[in-house]
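Report on the structure given below.
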Amino acid sequence: MLVVVEMSVAKIARFPYSFCIMKQVYLNTFGCQMNVADTDRMELVLFHSGYQRTLEKEDADLILVNTCSIREKAEQKTFSLFGGLRSLKVSNPDLILGLTGCLGQQEGEQLLKRMPYLDFVMGPDQVEGIAQAVDRVRSTGEPFVWTGFDHGKVYSIPELSDDLPRAPGPSAFVNIIKGCDKFCTFCVVPFTRGREKSREPEELFGEIRHLVNRGAKEIILLGQNVNSYGKRGLKNAMPFHELLYRVAEIPGLQRLRFTTSHPNDFTRETIRAYRDLDMLMNHLHLPVQSGNNRVLKAMRRDHTIEEYLDLLAELKSAVPDISLSTDIIVGFPGETDEDFEDTLKVMEEVGYSSSFMFAYSPRPGTPASELPDSVPDETKKRRLQETISLQSRRTEQRGQSFVGKNVAVLIEGKSSKPGYIFKGRNPQYWNVNIRGGESLLRAGATAHVQVEQVSGHSLNGRAIL
Ligand code: SAH
Ligand code: SF4
Ligand code: F3S
């Protein structure tokens, strides 16, 4: 039987895990940093109810796949993963299989019909209730869908006890806003994540202080549109730029970043914050999507390319060594070769250090999906390849500008590149592989590195001791 439930998130009870053998949960995440943060949160909530994370699905009592539906490819990957999980469920009927995240929100019951071996489907607003969902399956054995939106005005993440399954890394994400009210015509996010809701500043400061006390050196403020932070619903309302100034006062915090920004909500005060706050790292991810005004309008981005470029010109003159990255969609319905040329021109002009480039993929329920998907796949592929080649050249050039220079790198962990010991990020968000310094350096330290080479999106260099 199929039941669609609305459950309220009760206070999460603390589990006396230290006296018990813990059950094993295998977690798999698709999609953006928001989903990664949601998976981390589910890990934490489940930890408090007696589960520890395993990296082997064969050992798991519970498997959760946190899904994404931003493009068709993301969905296909999920379905092929579940194809493989089915045999685990057949050989171990006690195994619980849950699908969470944006695809769950979008497709709901359809997923139980398509994959009858699934135990439950949950949307992104239900992460706090993951332990209840698992209990419900254990006690009833009935599959269910839990996809209601949280109707509160404010986004709040309940505090759990100090016990953590693991310490935060040197760089930690903190959700400040969820949802999106922009309704770009190609995008499912406003439908899967619901309306924009911000967290109260005090709750954020508390979480950041806690992470810093536990070893985090860098905080990345997270949201689909962080610049819209604090616009509605907060008791202690505060615009985004003010939040930056306030977070920067937290003792022990060394670096601050944020992602993602929308050009229309990105204010001049935020440019000033880059200039005023040394700890606000000199990188901005500002999606442009297209360089053509007609396409931007059809995408409902609500700004012109001239406005976008003016904003970047102002930012570059205030912060000359800022590095920029972007998102680009090629093959949006009606995009001509000339329209596409405008995108290449903007890429040339801005000189992004990296771009995330996508072929347009019609998504169910979005306004653009009602337009004829007029650009043939072959043309989308060709345009995508052109943007990728242009970006690789630009990335190489941008990278070369660091060669011979000393850069400050927050070490995040071990490098997987042969001959290099550590890896981390410089202020401009380049990945840096470091050789030397093994006896003096460690994760969480800031190393001074002489850059020797560029390789793809990474810089390689030697620690200066
Ligand atoms: N909130 C961010 C990013 C959202 S999703 C923003 O506003 O920019 C990340 C990226 O996926 C988008 O920036 C867009 O480039 C891409 N994307 C979203 N929907 C898409 C679709 N239907 N087809 C192809 N790419 C898409
Ligand atoms: Fe999607 Fe646009 Fe919102 Fe970004 S701003 S999440 S692209 S609707
Ligand atoms: Fe995907 Fe949802 Fe993020 S659709 S990109 S996981 S907000």
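In the structure tokens, chains take letters A, B, ... by order of appearance, with residues numbered from 1 within each chain and ligands from 1 in the order shown.
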request  = Would you kindly return, as JSON, numbers by chain, each protein, DNA or RNA residue with an atom no farther than 12 Å from any atom of Leu371 (chain A), considering only C-alpha atoms and excluding same-chain residues fewer than 5 positions away?
outcome  = {"A": [185, 186, 298, 299, 332, 333, 334, 335, 361, 362, 363, 364, 365, 366]}
Per residue of region 230-310 of chain A within 9 Å of region 411-431 of chain A, which atom pair is closest and at what distance in Å (one decimal), using only C-alpha atoms, listed by chain and increasing number, as CSV?
residue,atom,partner,partner_atom,distance
A:Arg255,CA,A:Pro427,CA,8.4
A:Leu280,CA,A:Pro427,CA,8.6
A:Met281,CA,A:Pro427,CA,5.0
A:Asn282,CA,A:Gln428,CA,5.2
A:His283,CA,A:Gln428,CA,4.9
A:Leu284,CA,A:Gln428,CA,8.4
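Selection of all polymer residues within 9 Å of ligand 2 on the basis of only C-alpha atoms and all ligand atoms gives Ile70, Gly179, Cys180, Asp181, Lys182, Phe183, Cys184, Thr185, Phe186, Cys187, Val188, Val189, Pro190, Phe191, Arg193, Gly223, Gln224, Asn225, Thr260, Ser261, His262, Pro287, Gln289, Met299, Arg300 and Arg301 of chain A.
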task = Could you give me, as a ChimeraX atom specification, every polymer residue with an atom at most 10 Å away from an atom of ligand 3, counting only C-alpha atoms and all ligand atoms?
result = /A:29-36,38,66-71,74-75,100-106,123-124,178-180,187-194,223-224
request  = Provide the CA of Gln397 (chain A) to CA of Arg383 (chain A) distance in Å, to one decimal place.
outcome  =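 These two atoms are separated by 21.4 Å.
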Residues near Leu253 (chain A), cut-off 9 Å, only C-alpha atoms, skip fewer than 5 positions along chain, as a compact mmCIF listing (two decimals) with all heavy atoms, in the first residue's frame:
# COMPACT_ATOMS: atom_id res chain seq x y z
N ILE A 208 28.39 28.78 13.41
CA ILE A 208 29.74 29.08 12.91
C ILE A 208 30.75 29.05 14.08
O ILE A 208 31.83 28.47 13.97
CB ILE A 208 29.77 30.43 12.16
CG1 ILE A 208 28.90 30.31 10.91
CG2 ILE A 208 31.20 30.84 11.80
CD1 ILE A 208 28.65 31.61 10.17
N ARG A 209 30.34 29.62 15.22
CA ARG A 209 31.26 29.59 16.39
C ARG A 209 31.58 28.14 16.76
O ARG A 209 32.72 27.79 17.02
CB ARG A 209 30.61 30.30 17.58
CG ARG A 209 30.79 31.82 17.55
CD ARG A 209 30.49 32.44 18.90
NE ARG A 209 29.08 32.31 19.24
CZ ARG A 209 28.16 33.23 18.98
NH1 ARG A 209 28.49 34.38 18.41
NH2 ARG A 209 26.89 33.04 19.30
N VAL A 212 33.97 26.63 14.25
CA VAL A 212 35.33 27.20 14.41
C VAL A 212 35.98 26.61 15.66
O VAL A 212 37.15 26.21 15.64
CB VAL A 212 35.28 28.74 14.44
CG1 VAL A 212 36.63 29.33 14.82
CG2 VAL A 212 34.84 29.29 13.08
N ALA A 216 37.21 24.29 12.26
CA ALA A 216 37.04 24.89 10.93
C ALA A 216 37.78 26.24 10.86
O ALA A 216 37.77 27.00 11.83
CB ALA A 216 35.57 25.09 10.61
N LYS A 217 38.43 26.50 9.74
CA LYS A 217 39.14 27.77 9.55
C LYS A 217 38.42 28.64 8.53
O LYS A 217 38.59 29.85 8.49
CB LYS A 217 40.56 27.52 9.02
CG LYS A 217 41.36 26.53 9.82
CD LYS A 217 41.83 27.15 11.12
CE LYS A 217 42.75 26.21 11.86
NZ LYS A 217 42.39 26.02 13.25
N GLU A 218 37.69 27.96 7.65
CA GLU A 218 37.01 28.68 6.58
C GLU A 218 35.53 28.29 6.60
O GLU A 218 35.20 27.13 6.80
CB GLU A 218 37.61 28.27 5.23
CG GLU A 218 36.86 28.79 4.03
CD GLU A 218 37.52 28.39 2.71
OE1 GLU A 218 38.46 29.08 2.29
OE2 GLU A 218 37.11 27.37 2.12
N ILE A 219 34.67 29.29 6.38
CA ILE A 219 33.23 29.01 6.31
C ILE A 219 32.76 29.45 4.93
O ILE A 219 33.09 30.54 4.45
CB ILE A 219 32.46 29.80 7.40
CG1 ILE A 219 32.83 29.28 8.80
CG2 ILE A 219 30.95 29.75 7.17
CD1 ILE A 219 32.38 27.86 9.13
N VAL A 247 29.71 38.02 10.47
CA VAL A 247 30.40 36.72 10.54
C VAL A 247 31.91 36.93 10.65
O VAL A 247 32.61 36.23 11.37
CB VAL A 247 30.04 35.83 9.31
CG1 VAL A 247 30.91 34.59 9.26
CG2 VAL A 247 28.57 35.43 9.34
N ALA A 248 32.40 37.95 9.94
CA ALA A 248 33.84 38.22 9.93
C ALA A 248 34.37 38.57 11.33
O ALA A 248 35.57 38.49 11.57
CB ALA A 248 34.16 39.34 8.95
N MET A 279 39.29 38.84 5.22
CA MET A 279 39.02 37.40 5.26
C MET A 279 38.00 36.96 4.20
O MET A 279 37.84 35.77 3.96
CB MET A 279 38.56 36.98 6.65
CG MET A 279 37.15 37.36 6.97
SD MET A 279 36.55 36.33 8.30
CE MET A 279 37.65 36.75 9.61
